[in-house]
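*Asks:* Let me begin by handing over the structure; questions about it come next.
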Amino acid sequence: MAEPRRRGHGGGPGMAPVEKAKDFKGSVKKIVKYIGRYKFAVLIVMICAAASTVFSVVGPKILGGATTELASGLMKKIQGTGAIDMDAIANILVIVIAIYIVSAVFMFIQGWLMTGITQKICYRLRREISEKINRMPLKYFESRTYGEVLSRITNDVDTLGMGLNQSVTQIITSVCSVIGILIMMLSISPLMTLIAIVILPVSAFLLSFVAKISQKHFRDQQKYLGEINGIVEESYGGHLIIKAYNKEDETVEDFEKTNKKLYDSAWKSQFLSGMMMPITMFVGNLGYAAVALSGGLLAIQGVITVGDIQAFIQYVKNFTQPIQQMSQVINQVQSMAAAAERVFEFLEEEEEVQIVDNPVDVNTIKGDVEFDHVKFGYNENKIIINDFSAKVKQGQRIAIVGPTGAGKTTMVKLLMRFYDVNGGAIRLDGHDLRDFNRRELRDAFGMVLQDTWLFNGTIMENIRYGRLDATDEEVKAAAKAAHADRFIRTLPEGYKMVLNEDASNVSQGQKQLLTIARAILADNPILILDEATSSVDTRTESRIQRAMNNLMKGRTSFIIAHRLSTIKDADMILVMRDGDIVEQGTHDELLAQNGFYAELYNSQFEE
């Protein structure tokens with residue numbers, strides 16, 4: 001089996017490696033610029049997050065008063081000098097509940113606002129990316145995979161949105177929590193605060209030591225997970241070929257080898273990741289023991305109360321949480337910046353010039369086309385069309401033939417201004433194509449390609465895609481002209497039948513007839529037919545040919561074909577070889593010349 005093109009997928013939890021942005025500061029600045037239009041809402045979010053944290057931090061200290069009141073009342077009761085003041089305890093508890101309710105309200109408000117802000121930013125970015133795609137040159141998409149482009153709209157924008165939603169509020173609350181808890185701990189006992197803080201470096205050292213070891217295994221896990229996904233994807237996509245060549249055992253063996261590597265790396269990484277919590281708990285328990293011991297001694301001396309010890313232990317427990325959260329947020333911010341960098345990189349890509357000053361009106365186009373000493377190369381250092389000239393009159397059928405790689409499809413791309421010529425000019429009705437607005441120019445062209453494109457929808461909707469304001473009667477008339485009406489009516493629901501995602505519930509020939517019906521409905525003055533019958537049988541080809549003859553009536557048509565039998569009736573045949581027109585004329589004229597065209601034709605029809 002050929003080595004698949006495999007992409008790494010996300011690894012496991014814990015200390016998995018985080019993708020970092022090449023220009024972290026630049027990416028963050030651009031994110032901040034996007035947030036700029038929501039400054040007031042972000043300010044409210046920050047105030048609410050800070051207020052929520054302050055109220056939640058104050059709670060344990062006040063609750064400690066209830067514990068102190070309970071302990072002192074219990075001592076008085078034992079000594080017979082008084083009783084527990086339940087009213088005072090109840091008042092404290094009511095105050096604590098009120099404080100936590102206020103904290104929760106502030107937390108709800110900031111969460112609601114921040115979610116709205118991030119979703120608006122994601123909505124805006126997706127819209128801008130979608131609009132950007134329509135302005136991008138074709139060369140961008142020909143140099144990248146579809147998945148890579150789609151990833152910008154889905155994965156990267158989602159990562160950016162999630163990171164923004166969680167990291168902004170998390171940073172504010174974590175910083176406020178650390179500062180607030182530290183102040184409350186110092187207000188209770190500086191000595192106990194020092195003991196609690198000394199424990200932190202020990203925990204950090206042990207965690208970083210384990211993380212350093214686990215990092216390697218997480219990287220391996222990501223790598224092998226990507227390979228596993230690649231093998232599964234390739235095997236699923238090519239299972240017919242695998243079965244046809246009896247390669248099931250080799251495929252399973254390949255999978256087992258990679259799966260074993262994934263198992264080993266995943267086991268080690270997950271085990272080491274699982275060690276984090278026990279280590280944190282062990283060190284934390286040491287801290288609690290030290291705090292409880294020192295607190296007990298200070299309480300005996302009358303320096304602090306029992307409620308202060310209880311409050312302090314709660315603060316110690318809460319103190320490490322925001323620190324851990326901040327370390328996670330740093331990773332999240334790195335991922336967010338990396339995703340933002342890819343999104344903004346795409347948005348800043350070079351665009352096609354869509355409009356020109358004083359554009360030519362496309363509504364009056366007749367269909368005269370002239371190629372005037374055209375010179376072109378996808379790379380300026382490698383010219384593939386050196387000097388190409390031809391004149392095409394309105395309504396003529398022009399066939400472009402030649403071996404693979406001769407430049408036939410390139411001519412079509414130049415006609416539709418997917419690329420601009422390096423030298424010379426292509427003129428439409430006497431006007432240089434560069435004097436037209438691109439989108440308006442493309443409205444003048446109808447296309448039927450070898451690779452049919454139909455979407456998940458009804459047959460009626462797929463044909464109507466050629467002209468969205470067409471009535472049902474016009475759609476059916478187009479289908480009849482394309483010789484598609486007959487087979488459509490034999491389908492279970494006729495024109496209302498829903499085509500599945502890849503339109504596999506109709507045959508290849510039927511798909512081609514539907515695309516021809518769509519082109520007839522669009523009613524463009526110029527047609528491009530690119531290998532429209534190359535993947536069907538001879539009988540179906542005959543039906544498609546009749547449909548295409550209806551389609552081409554009165555229109556200037558450019559027909560790219562490998563089967564030379566389909567273009568005998570063309571008004572002019574352009575024979576391409578190595579990027580240049582080597583011969584041009586009618587079928588009979590070219591055969592009489594006994595040149596390259598005759599050689600191509602005879603090679604297909606040798607007896």
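So you can find residues: chains in the structure tokens are A, B, ... in the order shown, residues in each start at 1, and ligands are numbered from 1 in order.
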Would you kindly return, as a ChimeraX atom specification, each protein, DNA or RNA residue with an atom no farther than 12 Å from any atom of Ile488 (chain A), considering only C-alpha atoms and excluding same-chain residues fewer than 5 positions away?

*Replies:* /A:458-460,463,475-476,479-480,482-483,493-499,506-507,510-511,513-514,517

*Asks:* Mind listing the strand (DSSP E or B) residues of region 457-593 of chain A, per DSSP on the backbone, as an MDAnalysis selection string?

*Replies:* chainID A and resid 457:458 498:499 526:530 556:560 572:577 580:585

*Asks:* I want to know what sits within 10 Å of Met86 (chain A), based on only C-alpha atoms, with residues of the same chain fewer than 2 positions away left out; could you give that as a list in words?

*Replies:*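 Those residues are Ala66, Glu69, Leu70, Gly73, Ala83, Ile84, Ala88, Ile89, Ala90, Asn91 and Ile92 of chain A.
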
*Asks:* Write a file of the just-selected residues containing N, CA and C atoms, as an mmCIF file, in the first residue's frame.

*Replies:*
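To be explicit, this is the file written out as out-v8.cif:
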```cif
data_model
loop_
_atom_site.group_PDB
_atom_site.id
_atom_site.type_symbol
_atom_site.label_atom_id
_atom_site.label_comp_id
_atom_site.auth_asym_id
_atom_site.auth_seq_id
_atom_site.Cartn_x
_atom_site.Cartn_y
_atom_site.Cartn_z
ATOM 1 N N ALA A 66 -18.272 31.903 62.373
ATOM 2 C CA ALA A 66 -19.301 30.983 62.880
ATOM 3 C C ALA A 66 -18.658 29.824 63.628
ATOM 4 N N GLU A 69 -17.486 31.140 66.959
ATOM 5 C CA GLU A 69 -18.647 31.342 67.840
ATOM 6 C C GLU A 69 -19.146 30.013 68.387
ATOM 7 N N LEU A 70 -19.164 28.990 67.518
ATOM 8 C CA LEU A 70 -19.607 27.654 67.930
ATOM 9 C C LEU A 70 -18.650 27.063 68.958
ATOM 10 N N GLY A 73 -18.885 29.034 72.311
ATOM 11 C CA GLY A 73 -20.156 28.726 72.971
ATOM 12 C C GLY A 73 -20.122 27.346 73.595
ATOM 13 N N ALA A 83 -24.105 29.640 77.007
ATOM 14 C CA ALA A 83 -24.604 28.680 76.008
ATOM 15 C C ALA A 83 -24.187 29.147 74.610
ATOM 16 N N ILE A 84 -24.412 28.241 73.623
ATOM 17 C CA ILE A 84 -24.079 28.566 72.224
ATOM 18 C C ILE A 84 -25.077 29.603 71.719
ATOM 19 N N ALA A 88 -26.431 34.311 66.627
ATOM 20 C CA ALA A 88 -25.220 34.899 66.035
ATOM 21 C C ALA A 88 -24.689 34.024 64.909
ATOM 22 N N ILE A 89 -24.708 32.690 65.155
ATOM 23 C CA ILE A 89 -24.234 31.747 64.133
ATOM 24 C C ILE A 89 -25.131 31.799 62.896
ATOM 25 N N ALA A 90 -26.453 31.865 63.138
ATOM 26 C CA ALA A 90 -27.415 31.931 62.034
ATOM 27 C C ALA A 90 -27.209 33.202 61.212
ATOM 28 N N ASN A 91 -26.971 34.309 61.898
ATOM 29 C CA ASN A 91 -26.737 35.577 61.189
ATOM 30 C C ASN A 91 -25.499 35.490 60.289
ATOM 31 N N ILE A 92 -24.434 34.859 60.850
ATOM 32 C CA ILE A 92 -23.195 34.708 60.062
ATOM 33 C C ILE A 92 -23.448 33.841 58.830
#
```

*Asks:* Please provide the set of residues having any atom within 6 Å of region 45-62 of chain A, restricted to only C-alpha atoms, with same-chain residues fewer than 4 positions apart removed, written as a PyMOL selection string.

*Replies:* chain A and resi 96+99+103+106-107+110+173+177+311

*Asks:* Output all heavy atoms for every residue in that selection, as an mmCIF file, in the first residue's frame.

*Replies:*
```cif
data_model
loop_
_atom_site.group_PDB
_atom_site.id
_atom_site.type_symbol
_atom_site.label_atom_id
_atom_site.label_comp_id
_atom_site.auth_asym_id
_atom_site.auth_seq_id
_atom_site.Cartn_x
_atom_site.Cartn_y
_atom_site.Cartn_z
ATOM 1 N N VAL A 96 -22.984 34.726 54.889
ATOM 2 C CA VAL A 96 -22.122 33.924 53.998
ATOM 3 C C VAL A 96 -22.909 33.472 52.759
ATOM 4 O O VAL A 96 -22.421 33.566 51.628
ATOM 5 C CB VAL A 96 -21.548 32.696 54.752
ATOM 6 C CG1 VAL A 96 -20.871 31.735 53.777
ATOM 7 C CG2 VAL A 96 -20.553 33.148 55.802
ATOM 8 N N ILE A 99 -23.384 36.353 50.458
ATOM 9 C CA ILE A 99 -22.124 36.681 49.771
ATOM 10 C C ILE A 99 -21.898 35.719 48.597
ATOM 11 O O ILE A 99 -21.549 36.144 47.482
ATOM 12 C CB ILE A 99 -20.941 36.625 50.758
ATOM 13 C CG1 ILE A 99 -20.950 37.859 51.657
ATOM 14 C CG2 ILE A 99 -19.597 36.523 50.012
ATOM 15 C CD1 ILE A 99 -19.941 37.802 52.792
ATOM 16 N N SER A 103 -21.770 36.483 44.618
ATOM 17 C CA SER A 103 -20.613 36.025 43.830
ATOM 18 C C SER A 103 -21.082 35.240 42.598
ATOM 19 O O SER A 103 -20.575 35.444 41.492
ATOM 20 C CB SER A 103 -19.703 35.150 44.696
ATOM 21 O OG SER A 103 -18.668 34.592 43.924
ATOM 22 N N PHE A 106 -22.617 37.606 39.928
ATOM 23 C CA PHE A 106 -21.557 38.275 39.163
ATOM 24 C C PHE A 106 -20.897 37.306 38.176
ATOM 25 O O PHE A 106 -20.593 37.667 37.030
ATOM 26 C CB PHE A 106 -20.492 38.864 40.099
ATOM 27 C CG PHE A 106 -20.865 40.207 40.666
ATOM 28 C CD1 PHE A 106 -21.002 40.402 42.035
ATOM 29 C CD2 PHE A 106 -21.061 41.289 39.822
ATOM 30 C CE1 PHE A 106 -21.339 41.644 42.542
ATOM 31 C CE2 PHE A 106 -21.396 42.547 40.324
ATOM 32 C CZ PHE A 106 -21.546 42.720 41.694
ATOM 33 N N MET A 107 -20.677 36.053 38.617
ATOM 34 C CA MET A 107 -20.068 35.031 37.760
ATOM 35 C C MET A 107 -20.969 34.719 36.565
ATOM 36 O O MET A 107 -20.491 34.577 35.436
ATOM 37 C CB MET A 107 -19.820 33.755 38.573
ATOM 38 C CG MET A 107 -19.100 32.661 37.802
ATOM 39 S SD MET A 107 -17.405 33.116 37.376
ATOM 40 C CE MET A 107 -16.606 32.956 38.967
ATOM 41 N N GLN A 110 -20.821 37.739 34.040
ATOM 42 C CA GLN A 110 -19.579 37.781 33.246
ATOM 43 C C GLN A 110 -19.514 36.618 32.257
ATOM 44 O O GLN A 110 -19.048 36.776 31.134
ATOM 45 C CB GLN A 110 -18.348 37.818 34.160
ATOM 46 C CG GLN A 110 -18.078 36.590 35.009
ATOM 47 C CD GLN A 110 -17.189 35.568 34.328
ATOM 48 O OE1 GLN A 110 -16.615 35.846 33.286
ATOM 49 N NE2 GLN A 110 -17.106 34.396 34.912
ATOM 50 N N THR A 173 -10.013 36.000 37.086
ATOM 51 C CA THR A 173 -10.425 35.374 38.348
ATOM 52 C C THR A 173 -9.247 34.726 39.073
ATOM 53 O O THR A 173 -9.155 34.801 40.300
ATOM 54 C CB THR A 173 -11.517 34.318 38.108
ATOM 55 O OG1 THR A 173 -11.059 33.393 37.105
ATOM 56 C CG2 THR A 173 -12.797 34.954 37.637
ATOM 57 N N SER A 177 -8.016 35.853 42.594
ATOM 58 C CA SER A 177 -8.083 34.834 43.649
ATOM 59 C C SER A 177 -6.760 34.717 44.385
ATOM 60 O O SER A 177 -6.720 34.698 45.631
ATOM 61 C CB SER A 177 -8.453 33.469 43.060
ATOM 62 O OG SER A 177 -9.758 33.487 42.556
ATOM 63 N N ALA A 311 -10.689 28.663 58.490
ATOM 64 C CA ALA A 311 -10.680 29.537 57.322
ATOM 65 C C ALA A 311 -9.338 29.438 56.580
ATOM 66 O O ALA A 311 -9.292 29.383 55.342
ATOM 67 C CB ALA A 311 -10.950 30.980 57.744
#
```

*Asks:* Rank nothing, just name the residue among A:Leu529, A:Gly367, A:Val343, A:Gln314 nearest to Thr409 (chain A), using only C-alpha atoms.

*Replies:*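 Distance minimum relative to Thr409 (chain A) lands on A:Leu529.
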
*Asks:* My list of candidates is A:Arg467, A:Lys391, A:Arg342, A:Arg135. Which is closest to Leu160 (chain A) when distances are computed with only C-alpha atoms?

*Replies:*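 Of all the options, A:Arg342 lies closest to Leu160 (chain A).
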
*Asks:* Quick one: of A:Tyr288, A:Phe558, A:Tyr419, A:Tyr378, who's nearest to Ile400 (chain A), counting only C-alpha atoms?

*Replies:*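 Going through A:Tyr288, A:Phe558, A:Tyr419, A:Tyr378 one by one, the smallest distance to Ile400 (chain A) is for A:Phe558.
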
*Asks:* Which residue gives the smallest distance to Leu272 (chain A) among A:Ala211, A:Ile309, A:Ile383, A:Ala519, with only C-alpha atoms counted?

*Replies:* A:Ala211

*Asks:* List as a ChimeraX atom specification the protein and nucleic acid residues near region 444-450 of chain A, meaning an atom at most 10 Å away when only C-alpha atoms are counted, but skip any in the same chain fewer than 3 places from it.

*Replies:* /A:362-367,412,415-416,439-441,453,466,512-535,548,551,556-561

*Asks:* Leaving out Ile242 (chain A) and any residue of its chain fewer than 6 positions from it, which residues lie within 12 Å of it when counting only C-alpha atoms, given as an MDAnalysis selection string?

*Replies:* chainID A and resid 1:2 234:236 248:252

*Asks:* Please produce a file of the residues just selected, as a compact mmCIF listing (two decimals), in the first residue's frame, where the atoms kept are N, CA and C atoms.

*Replies:*
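Once everything was written out, this is result.txt:
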```
# COMPACT_ATOMS: atom_id res chain seq x y z
N MET A 1 0.83 -1.19 0.00
CA MET A 1 0.00 0.00 0.00
C MET A 1 0.87 1.24 0.00
N ALA A 2 0.45 2.28 -0.71
CA ALA A 2 1.21 3.52 -0.73
C ALA A 2 1.18 4.17 0.63
N GLU A 234 -7.23 5.89 5.15
CA GLU A 234 -6.79 5.36 3.85
C GLU A 234 -7.44 4.01 3.57
N SER A 235 -7.48 3.15 4.60
CA SER A 235 -8.04 1.81 4.42
C SER A 235 -9.52 1.87 4.12
N TYR A 236 -10.24 2.77 4.81
CA TYR A 236 -11.68 2.91 4.59
C TYR A 236 -11.94 3.43 3.18
N GLU A 248 -5.61 -7.48 2.73
CA GLU A 248 -6.19 -7.29 4.07
C GLU A 248 -5.18 -7.59 5.17
N ASP A 249 -4.44 -8.70 5.02
CA ASP A 249 -3.48 -9.09 6.07
C ASP A 249 -2.40 -8.04 6.25
N GLU A 250 -1.87 -7.53 5.13
CA GLU A 250 -0.81 -6.51 5.22
C GLU A 250 -1.34 -5.24 5.87
N THR A 251 -2.60 -4.88 5.54
CA THR A 251 -3.20 -3.68 6.11
C THR A 251 -3.37 -3.83 7.62
N VAL A 252 -3.88 -5.01 8.04
CA VAL A 252 -4.07 -5.27 9.48
C VAL A 252 -2.73 -5.29 10.19
```

*Asks:* Quote the spacing between CA of Val283 (chain A) and CA of Val202 (chain A) in Å to one decimal place.

*Replies:*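 So the two atoms, CA of Val283 (chain A) and CA of Val202 (chain A), lie 7.6 Å apart.
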
*Asks:* Can you tell me, as a PyMOL selection string, what residues are no more than 12 Å from Arg434 (chain A) when counting only C-alpha atoms, ignoring any on the same chain fewer than 3 positions away?

*Replies:* chain A and resi 352-360+414-422+424-428+430-431+437-441
